[in-house]
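Everything below belongs to my_file-v8.cif, which stores mmCIF, C-alpha atoms.
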```cif
data_coords
#
loop_
_atom_site.label_atom_id
_atom_site.label_comp_id
_atom_site.auth_asym_id
_atom_site.auth_seq_id
_atom_site.Cartn_x
_atom_site.Cartn_y
_atom_site.Cartn_z
CA MET S 1 0.00 0.00 0.00
CA ASN S 2 1.51 3.32 -1.09
CA ILE S 3 1.25 5.92 1.69
CA ASN S 4 2.01 9.58 0.99
CA ALA S 5 1.06 11.60 4.03
CA TRP S 6 2.10 13.27 7.27
CA ILE S 7 1.79 11.99 10.81
CA ASN S 8 1.97 13.97 14.05
CA LEU S 9 4.19 11.93 16.38
CA TYR S 10 4.54 12.71 20.08
CA LYS S 11 8.17 11.82 20.63
CA PRO S 12 8.97 10.38 24.06
CA SER S 13 11.95 11.52 26.10
CA GLY S 14 15.04 9.31 25.87
CA TYR S 15 14.87 8.63 22.12
CA SER S 16 16.49 10.56 19.30
CA SER S 17 14.28 11.90 16.51
CA ALA S 18 16.17 9.71 14.01
CA TYR S 19 15.60 6.56 16.09
CA CYS S 20 11.83 7.15 16.16
CA LEU S 21 11.79 7.48 12.36
CA THR S 22 13.81 4.28 11.95
CA LEU S 23 11.32 2.35 14.13
CA LEU S 24 8.34 3.50 12.05
CA LYS S 25 10.13 2.93 8.75
CA LYS S 26 11.01 -0.66 9.63
CA LYS S 27 7.66 -1.51 11.21
CA PHE S 28 5.58 -0.35 8.24
CA LYS S 29 8.16 -0.92 5.46
CA LEU S 30 8.10 2.73 4.36
CA LYS S 31 10.31 3.75 1.43
CA LYS S 32 11.09 7.28 2.58
CA ILE S 33 10.57 9.12 5.82
CA GLY S 34 11.62 12.51 7.14
CA HIS S 35 10.79 14.94 9.92
CA LEU S 36 10.35 18.63 10.58
CA GLY S 37 12.45 20.19 13.36
CA THR S 38 14.74 17.88 15.34
CA LEU S 39 14.00 17.30 19.03
CA ASP S 40 16.88 16.52 21.40
CA PRO S 41 16.83 12.99 22.88
CA MET S 42 15.91 14.36 26.35
CA ALA S 43 13.10 16.50 24.91
CA GLU S 44 9.61 15.20 24.25
CA GLY S 45 6.66 16.42 22.25
CA VAL S 46 5.41 17.17 18.76
CA LEU S 47 7.57 15.77 15.94
CA PRO S 48 5.90 16.13 12.49
CA ILE S 49 6.81 13.23 10.20
CA ALA S 50 6.51 13.09 6.40
CA ILE S 51 6.08 9.73 4.66
CA ASN S 52 7.20 8.83 1.12
CA GLU S 53 6.22 11.57 -1.39
CA ALA S 54 5.24 13.88 1.47
CA THR S 55 8.98 14.26 2.21
CA LYS S 56 9.10 16.52 -0.87
CA THR S 57 6.87 19.00 0.98
CA ILE S 58 8.90 19.36 4.21
CA SER S 59 10.40 22.68 3.11
CA LEU S 60 6.89 24.01 2.31
CA VAL S 61 5.35 23.51 5.75
CA ASN S 62 4.42 26.78 7.45
CA LYS S 63 7.27 27.20 9.96
CA SER S 64 5.71 30.01 11.92
CA LYS S 65 5.78 29.67 15.69
CA LYS S 66 6.68 26.91 18.13
CA THR S 67 5.44 26.55 21.69
CA TYR S 68 7.48 24.86 24.43
CA SER S 69 7.19 24.28 28.13
CA PHE S 70 10.44 23.78 29.99
CA ASP S 71 11.64 23.23 33.54
CA VAL S 72 14.95 24.41 34.99
CA LYS S 73 17.02 23.65 38.07
CA TRP S 74 18.73 26.67 39.63
CA GLY S 75 22.26 26.88 41.01
CA GLU S 76 24.08 24.69 38.48
CA GLN S 77 25.23 24.92 34.85
CA THR S 78 25.99 21.93 32.61
CA ASP S 79 28.07 21.79 29.42
CA THR S 80 24.97 20.75 27.43
CA PHE S 81 22.60 23.25 29.13
CA ASP S 82 20.42 20.28 30.16
CA GLN S 83 20.45 17.35 32.58
CA GLU S 84 22.33 15.12 30.14
CA GLY S 85 25.58 17.05 30.61
CA LYS S 86 28.33 17.46 33.20
CA ILE S 87 28.06 20.15 35.86
CA ILE S 88 30.66 22.83 35.05
CA ASN S 89 29.57 25.70 37.33
CA LYS S 90 27.71 26.17 40.61
CA SER S 91 26.11 29.11 42.42
CA SER S 92 24.31 29.49 45.73
CA LYS S 93 22.04 32.24 44.38
CA ILE S 94 18.42 31.26 43.65
CA PRO S 95 16.52 34.18 42.08
CA THR S 96 13.09 35.28 43.27
CA TYR S 97 9.96 35.06 41.12
CA GLU S 98 10.03 38.85 40.68
CA GLU S 99 13.68 38.83 39.54
CA VAL S 100 13.04 36.14 36.93
CA LYS S 101 9.88 37.86 35.70
CA TYR S 102 11.69 41.20 35.36
CA GLU S 103 14.60 39.61 33.46
CA ILE S 104 12.24 37.91 30.98
CA LYS S 105 10.37 41.15 30.33
CA LYS S 106 13.59 43.13 29.92
CA ASN S 107 15.75 40.82 27.81
CA PHE S 108 13.78 37.82 26.53
CA LEU S 109 10.86 39.20 24.54
CA GLY S 110 10.97 40.28 20.89
CA LEU S 111 14.17 39.86 18.88
CA ILE S 112 16.99 38.26 20.85
CA GLU S 113 20.47 36.96 20.09
CA GLN S 114 21.46 33.54 21.34
CA THR S 115 24.39 31.17 21.02
CA PRO S 116 23.41 27.59 20.08
CA PRO S 117 24.55 24.92 22.56
CA SER S 118 27.89 23.25 21.77
CA TYR S 119 26.02 19.95 22.05
CA SER S 120 23.56 20.67 19.25
CA ALA S 121 22.84 19.39 15.74
CA LYS S 122 24.23 22.59 14.21
CA ARG S 123 26.63 21.82 11.34
CA ILE S 124 30.17 23.23 11.18
CA ASN S 125 32.01 22.42 7.94
CA GLY S 126 29.69 19.44 7.40
CA LYS S 127 30.10 17.99 10.90
CA ARG S 128 27.57 18.13 13.74
CA ALA S 129 28.52 20.37 16.66
CA TYR S 130 27.74 17.66 19.25
CA GLU S 131 30.10 15.23 17.47
CA MET S 132 32.92 17.77 17.63
CA ALA S 133 32.14 18.57 21.28
CA ARG S 134 32.26 14.86 22.20
CA ASP S 135 35.60 14.51 20.39
CA GLY S 136 37.03 17.45 22.34
CA ILE S 137 37.49 19.58 19.21
CA SER S 138 37.54 23.32 19.89
CA PHE S 139 35.10 25.39 17.81
CA LYS S 140 32.96 28.52 18.00
CA LEU S 141 29.26 28.85 17.20
CA HIS S 142 28.02 32.20 15.93
CA LYS S 143 25.12 33.97 17.58
CA ILE S 144 21.73 33.70 15.87
CA ARG S 145 18.80 36.13 15.97
CA LYS S 146 15.39 34.74 16.92
CA LYS S 147 12.05 36.21 17.97
CA ILE S 148 10.35 35.39 21.26
CA TYR S 149 6.64 36.14 20.91
CA GLY S 150 5.73 35.43 24.51
CA MET S 151 7.19 33.90 27.65
CA ARG S 152 5.95 33.45 31.20
CA ILE S 153 6.75 31.64 34.43
CA THR S 154 4.21 28.93 35.24
CA GLU S 155 5.84 27.69 38.48
CA HIS S 156 8.64 28.91 40.75
CA SER S 157 10.06 27.39 43.94
CA ILE S 158 13.08 28.81 45.75
CA ILE S 159 12.99 25.88 48.21
CA ASN S 160 13.11 23.25 45.44
CA LYS S 161 15.39 25.41 43.28
CA LYS S 162 13.08 24.87 40.31
CA SER S 163 11.08 26.93 37.82
CA SER S 164 8.77 26.12 34.91
CA PHE S 165 8.20 28.28 31.83
CA LEU S 166 6.02 28.52 28.73
CA VAL S 167 7.53 30.12 25.62
CA VAL S 168 6.28 30.87 22.09
CA CYS S 169 9.20 31.42 19.73
CA ASP S 170 10.56 31.30 16.19
CA SER S 171 11.45 28.02 14.51
CA GLY S 172 15.10 27.20 15.21
CA THR S 173 15.17 28.76 18.69
CA TYR S 174 17.23 26.80 21.24
CA VAL S 175 15.23 26.47 24.47
CA ARG S 176 18.30 25.17 26.34
CA SER S 177 20.14 28.36 25.40
CA ILE S 178 17.25 30.51 26.65
CA ALA S 179 17.44 28.77 30.04
CA ASN S 180 21.23 29.07 30.22
CA GLU S 181 21.19 32.76 29.29
CA ILE S 182 18.44 33.59 31.81
CA GLY S 183 20.63 32.08 34.53
CA ILE S 184 23.73 34.02 33.48
CA ARG S 185 21.85 37.34 33.27
CA LEU S 186 20.57 36.77 36.79
CA LYS S 187 24.20 36.24 37.92
CA THR S 188 23.62 32.58 38.69
CA PHE S 189 23.19 29.34 36.72
CA CYS S 190 20.45 26.95 35.66
CA TYR S 191 19.90 24.09 33.22
CA CYS S 192 16.89 22.40 31.63
CA THR S 193 15.52 19.32 33.34
CA LYS S 194 12.58 18.94 30.96
CA ILE S 195 11.62 20.30 27.51
CA VAL S 196 8.25 19.67 25.86
CA ARG S 197 7.32 20.91 22.38
CA LEU S 198 3.60 21.59 22.62
CA ARG S 199 3.09 23.04 19.15
CA ASP S 200 4.94 23.29 15.85
CA GLY S 201 2.83 25.49 13.57
CA PHE S 202 -0.08 23.33 12.31
CA PHE S 203 0.92 20.39 14.56
CA SER S 204 -0.06 20.42 18.24
CA LYS S 205 0.14 18.08 21.23
CA LYS S 206 -3.67 17.72 21.21
CA ASN S 207 -3.72 16.04 17.78
CA SER S 208 -0.49 14.04 18.18
CA TYR S 209 -0.05 10.29 18.65
CA SER S 210 2.37 8.49 20.94
CA LEU S 211 5.18 6.37 19.51
CA LYS S 212 3.84 3.40 21.49
CA ASN S 213 0.38 3.70 19.89
CA LEU S 214 1.82 3.93 16.39
CA ILE S 215 4.24 1.04 16.82
CA ASN S 216 1.48 -1.10 18.36
CA SER S 217 -0.70 -0.63 15.26
CA GLU S 218 -1.35 -4.17 14.10
CA ASN S 219 -0.91 -3.47 10.40
CA ILE S 220 -0.64 -0.75 7.77
CA ILE S 221 -4.45 -0.46 7.54
CA ASN S 222 -4.63 0.29 11.27
CA PHE S 223 -1.71 2.72 10.93
CA LYS S 224 -3.53 4.69 8.21
CA LYS S 225 -6.08 6.13 10.65
CA TYR S 226 -3.34 8.33 12.13
CA LEU S 227 -2.34 9.93 8.84
CA LEU S 228 -2.80 13.53 7.71
CA GLU S 229 -3.30 14.41 4.05
CA ILE S 230 -0.57 16.50 2.42
CA LYS S 231 -3.17 19.11 1.46
CA SER S 232 -4.29 19.56 5.07
CA VAL S 233 -0.73 20.19 6.22
CA LEU S 234 -0.09 22.66 3.37
CA TYR S 235 -3.31 24.52 4.20
CA HIS S 236 -1.61 27.90 3.62
CA ILE S 237 -0.87 27.17 -0.08
CA PRO S 238 -3.72 27.58 -2.61
CA THR S 239 -4.88 24.54 -4.62
CA ILE S 240 -6.10 24.11 -8.18
CA GLU S 241 -7.80 20.99 -9.55
CA ILE S 242 -6.52 19.44 -12.78
CA ASN S 243 -7.93 16.88 -15.24
CA ASP S 244 -6.41 13.74 -16.83
CA LYS S 245 -4.92 15.56 -19.81
CA LYS S 246 -3.25 18.22 -17.71
CA LEU S 247 -1.98 15.58 -15.29
CA ARG S 248 -0.11 13.85 -18.12
CA LEU S 249 1.49 17.10 -19.22
CA ILE S 250 2.47 18.09 -15.68
CA LYS S 251 3.92 14.62 -15.01
CA ASN S 252 6.24 15.24 -17.96
CA GLY S 253 7.31 18.53 -16.45
CA MET S 254 5.42 20.63 -18.98
CA LYS S 255 3.68 23.91 -18.26
CA VAL S 256 -0.09 23.97 -18.74
CA SER S 257 -2.70 26.67 -19.23
CA MET S 258 -5.03 27.11 -16.24
CA LEU S 259 -6.48 30.38 -17.46
CA GLU S 260 -10.01 29.02 -17.55
CA GLU S 261 -9.79 27.52 -14.05
CA ALA S 262 -7.80 30.23 -12.26
CA GLY S 263 -7.85 33.32 -14.44
CA SER S 264 -4.72 35.43 -14.69
CA LYS S 265 -3.86 35.47 -10.98
CA GLU S 266 -0.24 34.98 -10.01
CA TYR S 267 0.92 32.61 -7.28
CA LYS S 268 4.50 32.02 -6.17
CA ARG S 269 3.34 28.65 -4.88
CA ILE S 270 0.29 26.62 -5.79
CA LEU S 271 -0.65 22.94 -5.47
CA ALA S 272 -1.99 20.91 -8.38
CA ASP S 273 -4.67 18.52 -7.12
CA TYR S 274 -5.85 15.41 -8.96
CA HIS S 275 -8.70 13.43 -7.35
CA GLN S 276 -7.86 14.68 -3.84
CA ASN S 277 -4.12 13.99 -4.27
CA VAL S 278 -1.46 16.69 -4.48
CA VAL S 279 0.46 15.71 -7.62
CA ALA S 280 2.66 18.77 -8.16
CA ILE S 281 3.91 21.96 -6.56
CA GLY S 282 4.47 24.89 -8.86
CA SER S 283 3.86 28.54 -9.59
CA MET S 284 1.23 30.38 -11.63
CA LYS S 285 1.84 33.33 -13.92
CA GLU S 286 -0.63 34.84 -16.38
CA GLY S 287 -2.82 31.74 -16.19
CA ILE S 288 0.05 29.29 -16.85
CA PHE S 289 0.98 26.63 -14.27
CA TYR S 290 4.73 25.92 -14.09
CA PRO S 291 5.48 22.65 -12.26
CA LYS S 292 8.48 22.83 -9.92
CA ARG S 293 8.17 19.53 -8.10
CA ILE S 294 6.27 16.38 -9.09
CA LEU S 295 4.73 14.11 -6.46
CA ASN S 296 3.97 10.53 -7.46
CA THR S 297 0.89 10.31 -5.26
CA ASN S 298 -1.67 8.98 -7.75
CA GLU S 299 0.14 5.76 -8.62
#
```
Let me see the file written as structure tokens.
Amino acid sequence: MNINAWINLYKPSGYSSAYCLTLLKKKFKLKKIGHLGTLDPMAEGVLPIAINEATKTISLVNKSKKTYSFDVKWGEQTDTFDQEGKIINKSSKIPTYEEVKYEIKKNFLGLIEQTPPSYSAKRINGKRAYEMARDGISFKLHKIRKKIYGMRITEHSIINKKSSFLVVCDSGTYVRSIANEIGIRLKTFCYCTKIVRLRDGFFSKKNSYSLKNLINSENIINFKKYLLEIKSVLYHIPTIEINDKKLRLIKNGMKVSMLEEAGSKEYKRILADYHQNVVAIGSMKEGIFYPKRILNTNE
């Protein structure tokens, strides 16, 4: 059975994103599989997965905002900025709720600059930063600019030396770095003990499925009930329906006139739909559809 769709996986803590994909690929004998936005092994939450021809649409998904909850422990800093690392600094100072709230409002809303963790999937000359860090290779990561749309403290305990936060941020923001930098600005230290991705654009925790549930699906038919159509994930891109003749032309990479169906409107991106299947991604100019990428979803 040829599956071309997305699935909203809730990744458990303790597994890498790649490992979860490998499990699903082997279990259901999938040809191709890919994901949107890597989650660290210690992190849990929403991990959007594209299957077979849907992998061609990963770059088209609306990467707007991501929502995370995260917990920190005060008074210690680790080399990974989370509980997986070694403690490299300690401090006896535990900030008050008011101090943390003031620091967030002052320095962690709007556009911020942050340094990615040394133990991250960031590439340097083709090699992952965490691989170089593990090998003891010295390197420097450049600061990146990201936008924090909102952030608040949900719990704070001086006695337990713990705080919990909720943050809405740009795609590609490092939550571990936010925690580390909050600690430093407050003249103390902290590291993440838990990170949960609650939302990634279209995908949310509410409509996600656990890895256990997916793996326990008895067969591919049972697995299909968890799938999301490509069109539903690419909701922000307009769609135009095509007939048999135009399908053949598009499949051969040829431009086709859609003047009658769409008029002379221009679209930088538009989906060609054939019997409820996205078969091509292209652009539209002066009533002509120019295919950019063909999806073999109707075979």
- request: Spell out the residues picked by the PyMOL selection byres ((chain S and resi 192) around 6) here, as a count of residues only.
  value: 6
message: Which residues are close to stretch 19-27 of chain S, i.e. within 10 Å by all atoms listed in the file, leaving aside same-chain residues fewer than 3 positions away? Reply as a list in words.
response: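 Using all atoms listed in the file, the neighbours found are Leu9, Tyr10, Lys11, Pro12, Tyr15, Ser16, Leu30, Lys31, Lys32, Ile33, Gly34, His35, Pro41, Leu47, Ile49, Ala50, Ile51, Leu211, Leu214, Ile215, Asn216, Ser217, Glu218, Asn219 and Ile220 of chain S.
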Evaluating the PyMOL selection byres ((chain S and resi 134) around 12) on the displayed file yields which residues, as a PDB file with C-alpha atoms, in the coordinates of the input?
```pdb
ATOM      1  CA  ASP S  79      28.070  21.790  29.420  1.00  0.00           C
ATOM      2  CA  THR S  80      24.970  20.750  27.430  1.00  0.00           C
ATOM      3  CA  GLY S  85      25.580  17.050  30.610  1.00  0.00           C
ATOM      4  CA  LYS S  86      28.330  17.460  33.200  1.00  0.00           C
ATOM      5  CA  SER S 118      27.890  23.250  21.770  1.00  0.00           C
ATOM      6  CA  TYR S 119      26.020  19.950  22.050  1.00  0.00           C
ATOM      7  CA  SER S 120      23.560  20.670  19.250  1.00  0.00           C
ATOM      8  CA  LYS S 127      30.100  17.990  10.900  1.00  0.00           C
ATOM      9  CA  ARG S 128      27.570  18.130  13.740  1.00  0.00           C
ATOM     10  CA  ALA S 129      28.520  20.370  16.660  1.00  0.00           C
ATOM     11  CA  TYR S 130      27.740  17.660  19.250  1.00  0.00           C
ATOM     12  CA  GLU S 131      30.100  15.230  17.470  1.00  0.00           C
ATOM     13  CA  MET S 132      32.920  17.770  17.630  1.00  0.00           C
ATOM     14  CA  ALA S 133      32.140  18.570  21.280  1.00  0.00           C
ATOM     15  CA  ASP S 135      35.600  14.510  20.390  1.00  0.00           C
ATOM     16  CA  GLY S 136      37.030  17.450  22.340  1.00  0.00           C
ATOM     17  CA  ILE S 137      37.490  19.580  19.210  1.00  0.00           C
ATOM     18  CA  SER S 138      37.540  23.320  19.890  1.00  0.00           C
ATOM     19  CA  PHE S 139      35.100  25.390  17.810  1.00  0.00           C
TER      20      PHE S 139
END
```
task: Name the residues that the PyMOL selection byres ((chain S and resi 164) around 8) pulls out of this structure, and write them as a list in words.
output: Ser69, Phe70, Asp71, Val72, Ile153, Thr154, Glu155, His156, Lys162, Ser163, Phe165 and Leu166 of chain S
Excluding same-chain residues fewer than 6 positions from S:Leu259, what lies within 9 Å of it counting only C-alpha atoms, as an mmCIF file with C-alpha atoms, keeping the file's coordinate frame?
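The file below, around.cif, is the result:
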```
data_model
loop_
_atom_site.group_PDB
_atom_site.id
_atom_site.type_symbol
_atom_site.label_atom_id
_atom_site.label_comp_id
_atom_site.auth_asym_id
_atom_site.auth_seq_id
_atom_site.Cartn_x
_atom_site.Cartn_y
_atom_site.Cartn_z
ATOM 1 C CA LYS S 265 -3.860 35.470 -10.980
ATOM 2 C CA GLU S 286 -0.630 34.840 -16.380
ATOM 3 C CA GLY S 287 -2.820 31.740 -16.190
ATOM 4 C CA ILE S 288 0.050 29.290 -16.850
ATOM 5 C CA PHE S 289 0.980 26.630 -14.270
#
```
message: Would you compute the distance between atom CA of S:Ile94 and atom CA of S:Thr78? Give it in Å to one decimal.
response: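 Atom CA of S:Ile94 sits 16.3 Å away from atom CA of S:Thr78.
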message: Please list, as a list in words, the residues that have an atom at most 10 Å away from (1.6, 23.4, -17.6) in the coordinates of this file, counting all atoms listed in the file.
response: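 It turns out the residues near that spot are Lys246, Leu247, Arg248, Leu249, Ile250, Lys251, Asn252, Gly253, Met254, Lys255, Val256, Ser257, Met258, Gly282, Ser283, Met284, Gly287, Ile288, Phe289, Tyr290 and Pro291 of chain S.
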field: Nearest to S:Lys140 by atom-to-atom distance, counting all atoms listed in the file, from S:Ser157, S:Thr115, S:Ser59, S:Gln77
entry: S:Thr115
Two-atom distance - atom CA of S:Thr67, atom CA of S:Arg185 (Å): 22.8 Å
- request: In Å, rounded to a single decimal, give me how far atom CA of S:Ile182 is from atom CA of S:Tyr97.
  value: 12.7 Å
Residues near S:Ile148, cut-off 8 Å, all atoms listed in the file, skip fewer than 2 positions along chain, as a PyMOL selection string: chain S and resi 108-112+146+150-151+167-170
field: Non-local contacts of S:Glu229 (7 Å; all atoms listed in the file; under 4 positions in same chain excluded) as a PyMOL selection string
entry: chain S and resi 5-6+233
Nearest to S:Leu228 by atom-to-atom distance, counting all atoms listed in the file, from S:Thr55, S:Glu113, S:Ile7, S:Tyr267: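 So, comparing all the options, the nearest one is S:Ile7.
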message: Show me the residues close to (0.4, 24.3, -7.7) - anything with an atom within 10 Å, counting only C-alpha atoms - and format the list as a PyMOL selection string.
response: chain S and resi 237-242+267-273+278-284+289-294
Centre and edge lengths, as lines of an AutoDock Vina configuration file, for the axis-aligned box enclosing every listed atom of stretch 63-72 of chain S with 8 Å of padding on each of the six sides, in Å to one decimal?
```
center_x = 10.2
center_y = 26.6
center_z = 22.5
size_x = 25.5
size_y = 22.8
size_z = 41.0
```
Which residues of stretch 213-235 of chain S have any atom within 10 Å of an atom in stretch 195-204 of chain S when counting all atoms listed in the file, and what is the closest pair of atoms for each, with the distance in Å to one decimal? Order the rows by chain and rising number and write it as CSV.
```
residue,atom,partner,partner_atom,distance
S:Ser232,CA,S:Phe202,CA,9.2
S:Val233,CA,S:Phe202,CA,6.9
S:Leu234,CA,S:Phe202,CA,9.0
S:Tyr235,CA,S:Phe202,CA,8.8
```
field: Best match for closeness to S:Val175 among S:Lys66, S:Asn298, S:Ala54, S:Ile3, counting all atoms listed in the file
entry: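 Of S:Lys66, S:Asn298, S:Ala54, S:Ile3, the one nearest S:Val175 is S:Lys66, counting all atoms listed in the file.
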query: In terms of the shortest atom-to-atom distance over all atoms listed in the file, which of S:Leu141, S:Leu295, S:Ile88, S:Ile159 is closest to S:Ile230?
result: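 For S:Ile230, the nearest of the candidates is S:Leu295.
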